>>> print(open('coords-v5.pdb').read())   # PDB, C-alpha atoms
ATOM      1  CA  MET M  11     157.871  56.448  25.305
ATOM      2  CA  ALA M  12     154.427  57.881  25.721
ATOM      3  CA  THR M  13     153.886  61.601  25.559
ATOM      4  CA  GLU M  14     151.027  63.370  27.204
ATOM      5  CA  GLN M  15     148.722  64.916  24.701
ATOM      6  CA  GLN M  16     147.009  68.210  25.248
ATOM      7  CA  PRO M  17     143.456  68.586  24.033
ATOM      8  CA  MET M  18     143.322  70.367  20.772
ATOM      9  CA  THR M  19     141.789  73.782  20.724
ATOM     10  CA  PRO M  20     140.736  75.356  17.522
ATOM     11  CA  PRO M  21     143.101  78.046  16.340
ATOM     12  CA  GLU M  22     142.096  81.667  16.703
ATOM     13  CA  GLN M  23     140.577  83.180  13.666
ATOM     14  CA  PRO M  24     141.860  86.538  12.458
ATOM     15  CA  GLY M  25     140.190  89.360  14.467
ATOM     16  CA  GLU M  26     139.031  86.946  17.170
ATOM     17  CA  THR M  27     140.368  87.297  20.675
ATOM     18  CA  ARG M  28     139.813  85.049  23.578
ATOM     19  CA  SER M  29     139.557  86.023  27.219
ATOM     20  CA  PRO M  30     142.035  84.441  29.570
ATOM     21  CA  THR M  31     139.301  82.135  30.796
ATOM     22  CA  GLU M  32     138.710  80.755  27.335
ATOM     23  CA  ARG M  33     142.364  80.002  26.766
ATOM     24  CA  PRO M  34     143.615  76.541  27.419
ATOM     25  CA  GLY M  35     144.736  75.937  30.994
ATOM     26  CA  ALA M  36     142.814  78.966  32.319
ATOM     27  CA  ASN M  37     140.361  78.809  35.199
ATOM     28  CA  PRO M  38     136.774  78.109  34.212
ATOM     29  CA  PRO M  39     134.447  81.135  34.244
ATOM     30  CA  SER M  40     132.483  81.842  37.457
ATOM     31  CA  SER M  41     128.691  81.808  37.502
ATOM     32  CA  GLN M  42     128.640  85.627  37.590
ATOM     33  CA  GLN M  43     130.974  85.824  34.606
ATOM     34  CA  ARG M  44     128.872  83.304  32.707
ATOM     35  CA  ALA M  45     125.792  85.398  33.489
ATOM     36  CA  GLY M  46     127.558  88.374  31.971
ATOM     37  CA  THR M  47     127.990  90.366  35.183
ATOM     38  CA  ASP M  48     131.249  91.589  36.581
ATOM     39  CA  PRO M  49     131.611  90.973  40.345
ATOM     40  CA  SER M  50     132.995  94.464  40.924
ATOM     41  CA  SER M  51     130.068  96.039  39.075
ATOM     42  CA  ALA M  52     127.572  93.990  41.151
ATOM     43  CA  HIS M  53     128.729  95.779  44.291
ATOM     44  CA  MET M  54     128.524  99.255  42.791
ATOM     45  CA  PRO M  55     124.729  99.707  42.900
ATOM     46  CA  GLU M  56     124.624  98.191  46.400
ATOM     47  CA  ALA M  57     127.419 100.516  47.566
ATOM     48  CA  ASP M  58     125.592 103.484  46.012
ATOM     49  CA  GLU M  59     122.394 102.495  47.826
ATOM     50  CA  GLN M  60     124.252 102.189  51.119
ATOM     51  CA  ALA M  61     125.921 105.563  50.612
ATOM     52  CA  ALA M  62     122.576 107.164  49.808
ATOM     53  CA  ALA M  63     120.978 105.566  52.860
ATOM     54  CA  LEU M  64     123.882 106.773  55.003
ATOM     55  CA  ASP M  65     123.547 110.308  53.615
ATOM     56  CA  GLU M  66     119.821 110.245  54.348
ATOM     57  CA  MET M  67     120.442 109.055  57.918
ATOM     58  CA  ARG M  68     123.043 111.800  58.456
ATOM     59  CA  ASP M  69     120.592 114.376  57.135
ATOM     60  CA  ARG M  70     117.837 113.091  59.429
ATOM     61  CA  TRP M  71     120.273 113.076  62.370
ATOM     62  CA  ARG M  72     121.282 116.707  61.689
ATOM     63  CA  ARG M  73     117.639 117.723  61.416
ATOM     64  CA  ALA M  74     116.815 115.931  64.684
ATOM     65  CA  LEU M  75     119.712 117.714  66.422
ATOM     66  CA  ALA M  76     118.519 121.071  65.073
ATOM     67  CA  ASP M  77     114.946 120.320  66.202
ATOM     68  CA  LEU M  78     116.198 119.314  69.639
ATOM     69  CA  ASP M  79     118.271 122.494  69.942
ATOM     70  CA  ASN M  80     115.278 124.620  68.883
ATOM     71  CA  LEU M  81     113.072 122.798  71.404
ATOM     72  CA  ARG M  82     115.642 123.387  74.161
ATOM     73  CA  LYS M  83     115.818 127.107  73.347
ATOM     74  CA  ARG M  84     112.027 127.392  73.173
ATOM     75  CA  HIS M  85     111.664 125.549  76.497
ATOM     76  CA  ALA M  86     114.256 127.818  78.158
ATOM     77  CA  LYS M  87     112.364 130.921  76.970
ATOM     78  CA  GLU M  88     109.031 129.475  78.123
ATOM     79  CA  LEU M  89     110.488 128.528  81.515
ATOM     80  CA  GLU M  90     111.887 132.036  81.997
ATOM     81  CA  ARG M  91     108.513 133.537  81.047
ATOM     82  CA  VAL M  92     106.666 131.311  83.546
ATOM     83  CA  ARG M  93     109.190 132.139  86.276
ATOM     84  CA  ALA M  94     108.798 135.872  85.627
ATOM     85  CA  GLU M  95     104.995 135.564  85.776
ATOM     86  CA  GLU M  96     105.185 133.601  89.036
ATOM     87  CA  ARG M  97     107.595 136.118  90.602
ATOM     88  CA  ALA M  98     105.266 138.961  89.591
ATOM     89  CA  ARG M  99     102.233 137.108  91.011
ATOM     90  CA  THR M 100     104.030 136.430  94.312
ATOM     91  CA  ALA M 101     105.312 139.989  94.621
ATOM     92  CA  GLY M 102     101.808 141.284  93.849
ATOM     93  CA  ALA M 103     100.394 139.134  96.655
ATOM     94  CA  TRP M 104     102.807 140.785  99.119
ATOM     95  CA  LEU M 105     102.116 144.388  98.099
ATOM     96  CA  PRO M 106      99.033 144.790 100.359
ATOM     97  CA  VAL M 107     101.078 143.493 103.304
ATOM     98  CA  LEU M 108     103.751 146.088 102.604
ATOM     99  CA  ASP M 109     101.113 148.811 102.264
ATOM    100  CA  ASN M 110      99.619 147.899 105.642
ATOM    101  CA  LEU M 111     103.042 147.859 107.299
ATOM    102  CA  GLU M 112     103.662 151.381 105.999
ATOM    103  CA  ARG M 113     100.273 152.493 107.348
ATOM    104  CA  ALA M 114     101.155 151.006 110.741
ATOM    105  CA  LEU M 115     104.467 152.878 110.733
ATOM    106  CA  ALA M 116     102.705 156.103 109.775
ATOM    107  CA  HIS M 117     100.540 155.753 112.919
ATOM    108  CA  SER M 118     103.414 154.833 115.230
ATOM    109  CA  ASP M 119     102.928 157.999 117.331
ATOM    110  CA  SER M 120      99.295 157.129 118.088
ATOM    111  CA  ASP M 121      97.918 154.790 120.745
ATOM    112  CA  PRO M 122     100.328 151.811 121.224
ATOM    113  CA  SER M 123      97.462 149.323 121.514
ATOM    114  CA  ALA M 124      96.099 150.458 118.126
ATOM    115  CA  VAL M 125      99.550 150.044 116.565
ATOM    116  CA  LEU M 126      99.816 146.576 118.118
ATOM    117  CA  LYS M 127      96.416 145.589 116.697
ATOM    118  CA  GLY M 128      97.486 146.924 113.287
ATOM    119  CA  ILE M 129     100.687 144.883 113.362
ATOM    120  CA  GLU M 130      98.733 141.760 114.355
ATOM    121  CA  ALA M 131      96.374 142.363 111.411
ATOM    122  CA  VAL M 132      99.348 142.712 109.046
ATOM    123  CA  ARG M 133     100.842 139.476 110.441
ATOM    124  CA  ASP M 134      97.535 137.678 109.867
ATOM    125  CA  GLN M 135      97.439 139.073 106.344
ATOM    126  CA  ALA M 136     100.978 137.798 105.688
ATOM    127  CA  VAL M 137     100.028 134.338 106.988
ATOM    128  CA  GLU M 138      97.026 134.370 104.638
ATOM    129  CA  VAL M 139      99.268 135.315 101.684
ATOM    130  CA  LEU M 140     101.543 132.360 102.457
ATOM    131  CA  ARG M 141      98.519 130.058 102.708
ATOM    132  CA  GLY M 142      97.297 131.317  99.335
ATOM    133  CA  LEU M 143     100.701 130.520  97.838
ATOM    134  CA  GLY M 144     100.421 126.935  99.096
ATOM    135  CA  TYR M 145     102.280 127.212 102.413
ATOM    136  CA  PRO M 146      99.798 127.187 105.305
ATOM    137  CA  ARG M 147     101.099 127.913 108.799
ATOM    138  CA  TYR M 148     101.152 125.211 111.473
ATOM    139  CA  GLU M 149     102.118 125.566 115.125
ATOM    140  CA  GLU M 150     100.246 122.851 116.985
ATOM    141  CA  VAL M 151     101.374 121.898 120.478
ATOM    142  CA  GLY M 152     100.785 118.449 121.975
ATOM    143  CA  VAL M 153     101.019 116.611 118.629
ATOM    144  CA  PRO M 154     103.482 113.749 118.144
ATOM    145  CA  PHE M 155     106.899 114.828 116.902
ATOM    146  CA  ASP M 156     107.198 114.356 113.107
ATOM    147  CA  PRO M 157     110.701 114.823 111.647
ATOM    148  CA  THR M 158     109.201 115.787 108.280
ATOM    149  CA  LEU M 159     107.316 118.713 109.877
ATOM    150  CA  HIS M 160     109.364 119.607 112.939
ATOM    151  CA  GLU M 161     112.945 120.462 113.751
ATOM    152  CA  VAL M 162     114.001 119.976 117.362
ATOM    153  CA  VAL M 163     115.749 122.935 118.953
ATOM    154  CA  GLY M 164     115.522 121.599 122.491
ATOM    155  CA  VAL M 165     114.168 118.950 124.807
ATOM    156  CA  VAL M 166     112.105 119.724 127.882
ATOM    157  CA  ASP M 167     111.033 117.626 130.853
ATOM    158  CA  THR M 168     107.261 118.049 130.938
ATOM    159  CA  PRO M 169     105.594 115.675 133.433
ATOM    160  CA  ASP M 170     102.061 116.172 132.113
ATOM    161  CA  ALA M 171     102.957 115.707 128.391
ATOM    162  CA  GLU M 172     103.358 112.488 126.469
ATOM    163  CA  PRO M 173     106.961 111.646 125.602
ATOM    164  CA  ASN M 174     108.101 112.634 122.093
ATOM    165  CA  THR M 175     105.397 115.243 121.599
ATOM    166  CA  VAL M 176     105.717 118.907 120.729
ATOM    167  CA  ALA M 177     105.761 120.780 124.039
ATOM    168  CA  GLN M 178     106.451 124.265 122.669
ATOM    169  CA  VAL M 179     106.705 125.905 119.227
ATOM    170  CA  VAL M 180     109.603 128.332 118.983
ATOM    171  CA  SER M 181     108.906 129.274 115.325
ATOM    172  CA  PRO M 182     105.914 128.078 113.303
ATOM    173  CA  GLY M 183     106.321 125.947 110.184
ATOM    174  CA  TYR M 184     104.911 126.648 106.751
ATOM    175  CA  GLY M 185     103.840 124.098 104.147
ATOM    176  CA  ALA M 186     101.694 121.037 103.616
ATOM    177  CA  ASP M 187     101.454 117.884 101.510
ATOM    178  CA  GLY M 188     105.181 117.488 100.989
ATOM    179  CA  LYS M 189     105.684 121.138  99.976
ATOM    180  CA  GLN M 190     107.653 122.461 102.924
ATOM    181  CA  LEU M 191     108.749 126.076 103.001
ATOM    182  CA  ARG M 192     110.142 125.702 106.509
ATOM    183  CA  PRO M 193     109.707 123.156 109.310
ATOM    184  CA  ALA M 194     108.432 124.252 112.705
ATOM    185  CA  PHE M 195     111.192 124.750 115.283
ATOM    186  CA  VAL M 196     109.960 123.000 118.410
ATOM    187  CA  MET M 197     110.803 121.904 121.904
ATOM    188  CA  VAL M 198     110.025 118.213 122.416
ATOM    189  CA  SER M 199     109.039 116.546 125.667
ATOM    190  CA  LYS M 200     111.458 113.855 126.714
ATOM    191  CA  ARG M 201     110.616 110.392 127.986
ATOM    192  CA  GLN M 202     109.946 110.339 131.684
ATOM    193  CA  GLU M 203     112.241 108.206 133.827
TER     194      GLU M 203
END
>>> encode(input="coords-v5.pdb", output="structure tokens")
Amino acid sequence: MATEQQPMTPPEQPGETRSPTERPGANPPSSQQRAGTDPSSAHMPEADEQAAALDEMRDRWRRALADLDNLRKRHAKELERVRAEERARTAGAWLPVLDNLERALAHSDSDPSAVLKGIEAVRDQAVEVLRGLGYPRYEEVGVPFDPTLHEVVGVVDTPDAEPNTVAQVVSPGYGADGKQLRPAFVMVSKRQE
């Protein structure tokens, strides 16, 4: 009867220990173990680098959020300052109109035609203020109806006018170049039948 023989391994010397991989029947060492590196220790520096990179990204993200918040606050303050300056400029433009209205009221007991001329001058001054603020007055009659400039308040049958033209301006409009303060309220001629 034949018996299977195991390869002979030299006996351990006193004080010598063998790793489990060097013992008979153990798995052969991996390439990393043969190179003298432990697989768990190979991931440690890489994990530390990733953690450091993640910490740096978090720090940069927090700084970016703080910068964005500071920018938002600074922009809000600047916007409020610009609005206050614009309100003051607009109110200052209207002060002469108010002064002239008070002068007209102070002379209300004088000649009615003089008061009327004074009120017309104040109206013209107010129209000029609006024009200076970027809202010129328009009240043309006989022009084609434009829904971006006009709002129809009525239709009239005018035999001598072209159909769909402004026959009468009830209230003038203010604005130009897409900046509309108010459209003109108009009566439009209807198509003749």
>>> closest_atom_pairs(input="coords-v5.pdb", of="range 138-188 of chain M", to="range 79-102 of chain M", cutoff="10 Å", atoms="all atoms listed in the file", output="CSV")
residue,atom,partner,partner_atom,distance
M:Val139,CA,M:Thr100,CA,8.8
M:Leu140,CA,M:Thr100,CA,9.4
M:Gly142,CA,M:Thr100,CA,9.8
M:Leu143,CA,M:Thr100,CA,7.6
>>> closest_residue(input="coords-v5.pdb", among="M:Ala136, M:Val198, M:Ala57, M:Leu75", to="Leu105 in chain M", atoms="all atoms listed in the file")
M:Ala136
>>> resolve_selection(input="coords-v5.pdb", expression="the PyMOL selection byres ((chain M and resi 179-188) around 10)", output="NGL selection string")
:M and (137 or 140-141 or 143-152 or 158-164 or 176-178 or 189-198)
>>> write_last_selection(input="coords-v5.pdb", atoms="C-alpha atoms", output="PDB file, in the coordinates of the input")
ATOM      1  CA  VAL M 137     100.028 134.338 106.988  1.00  0.00           C
ATOM      2  CA  LEU M 140     101.543 132.360 102.457  1.00  0.00           C
ATOM      3  CA  ARG M 141      98.519 130.058 102.708  1.00  0.00           C
ATOM      4  CA  LEU M 143     100.701 130.520  97.838  1.00  0.00           C
ATOM      5  CA  GLY M 144     100.421 126.935  99.096  1.00  0.00           C
ATOM      6  CA  TYR M 145     102.280 127.212 102.413  1.00  0.00           C
ATOM      7  CA  PRO M 146      99.798 127.187 105.305  1.00  0.00           C
ATOM      8  CA  ARG M 147     101.099 127.913 108.799  1.00  0.00           C
ATOM      9  CA  TYR M 148     101.152 125.211 111.473  1.00  0.00           C
ATOM     10  CA  GLU M 149     102.118 125.566 115.125  1.00  0.00           C
ATOM     11  CA  GLU M 150     100.246 122.851 116.985  1.00  0.00           C
ATOM     12  CA  VAL M 151     101.374 121.898 120.478  1.00  0.00           C
ATOM     13  CA  GLY M 152     100.785 118.449 121.975  1.00  0.00           C
ATOM     14  CA  THR M 158     109.201 115.787 108.280  1.00  0.00           C
ATOM     15  CA  LEU M 159     107.316 118.713 109.877  1.00  0.00           C
ATOM     16  CA  HIS M 160     109.364 119.607 112.939  1.00  0.00           C
ATOM     17  CA  GLU M 161     112.945 120.462 113.751  1.00  0.00           C
ATOM     18  CA  VAL M 162     114.001 119.976 117.362  1.00  0.00           C
ATOM     19  CA  VAL M 163     115.749 122.935 118.953  1.00  0.00           C
ATOM     20  CA  GLY M 164     115.522 121.599 122.491  1.00  0.00           C
ATOM     21  CA  VAL M 176     105.717 118.907 120.729  1.00  0.00           C
ATOM     22  CA  ALA M 177     105.761 120.780 124.039  1.00  0.00           C
ATOM     23  CA  GLN M 178     106.451 124.265 122.669  1.00  0.00           C
ATOM     24  CA  LYS M 189     105.684 121.138  99.976  1.00  0.00           C
ATOM     25  CA  GLN M 190     107.653 122.461 102.924  1.00  0.00           C
ATOM     26  CA  LEU M 191     108.749 126.076 103.001  1.00  0.00           C
ATOM     27  CA  ARG M 192     110.142 125.702 106.509  1.00  0.00           C
ATOM     28  CA  PRO M 193     109.707 123.156 109.310  1.00  0.00           C
ATOM     29  CA  ALA M 194     108.432 124.252 112.705  1.00  0.00           C
ATOM     30  CA  PHE M 195     111.192 124.750 115.283  1.00  0.00           C
ATOM     31  CA  VAL M 196     109.960 123.000 118.410  1.00  0.00           C
ATOM     32  CA  MET M 197     110.803 121.904 121.904  1.00  0.00           C
ATOM     33  CA  VAL M 198     110.025 118.213 122.416  1.00  0.00           C
TER      34      VAL M 198
END
>>> closest_residue(input="coords-v5.pdb", among="M:Glu172, M:Asp109, M:Asp58, M:Glu130", to="Val153 in chain M", atoms="all atoms listed in the file")
M:Glu172
>>> atom_distance(input="coords-v5.pdb", atom1="CA of Ala61 in chain M", atom2="CA of Leu78 in chain M")
25.4 Å
>>> atom_distance(input="coords-v5.pdb", atom1="CA of Ala76 in chain M", atom2="CA of Gln60 in chain M")
24.2 Å
>>> resolve_selection(input="coords-v5.pdb", expression="the PyMOL selection byres ((chain M and resi 199) around 6)", output="PyMOL selection string")
chain M and resi 165-168+173-175+177+198+200
>>> atom_distance(input="coords-v5.pdb", atom1="CA of Leu111 in chain M", atom2="CA of Val132 in chain M")
6.6 Å
>>> closest_residue(input="coords-v5.pdb", among="M:Glu66, M:Trp71, M:Arg113, M:Leu108", to="Val125 in chain M", atoms="all atoms listed in the file")
M:Arg113
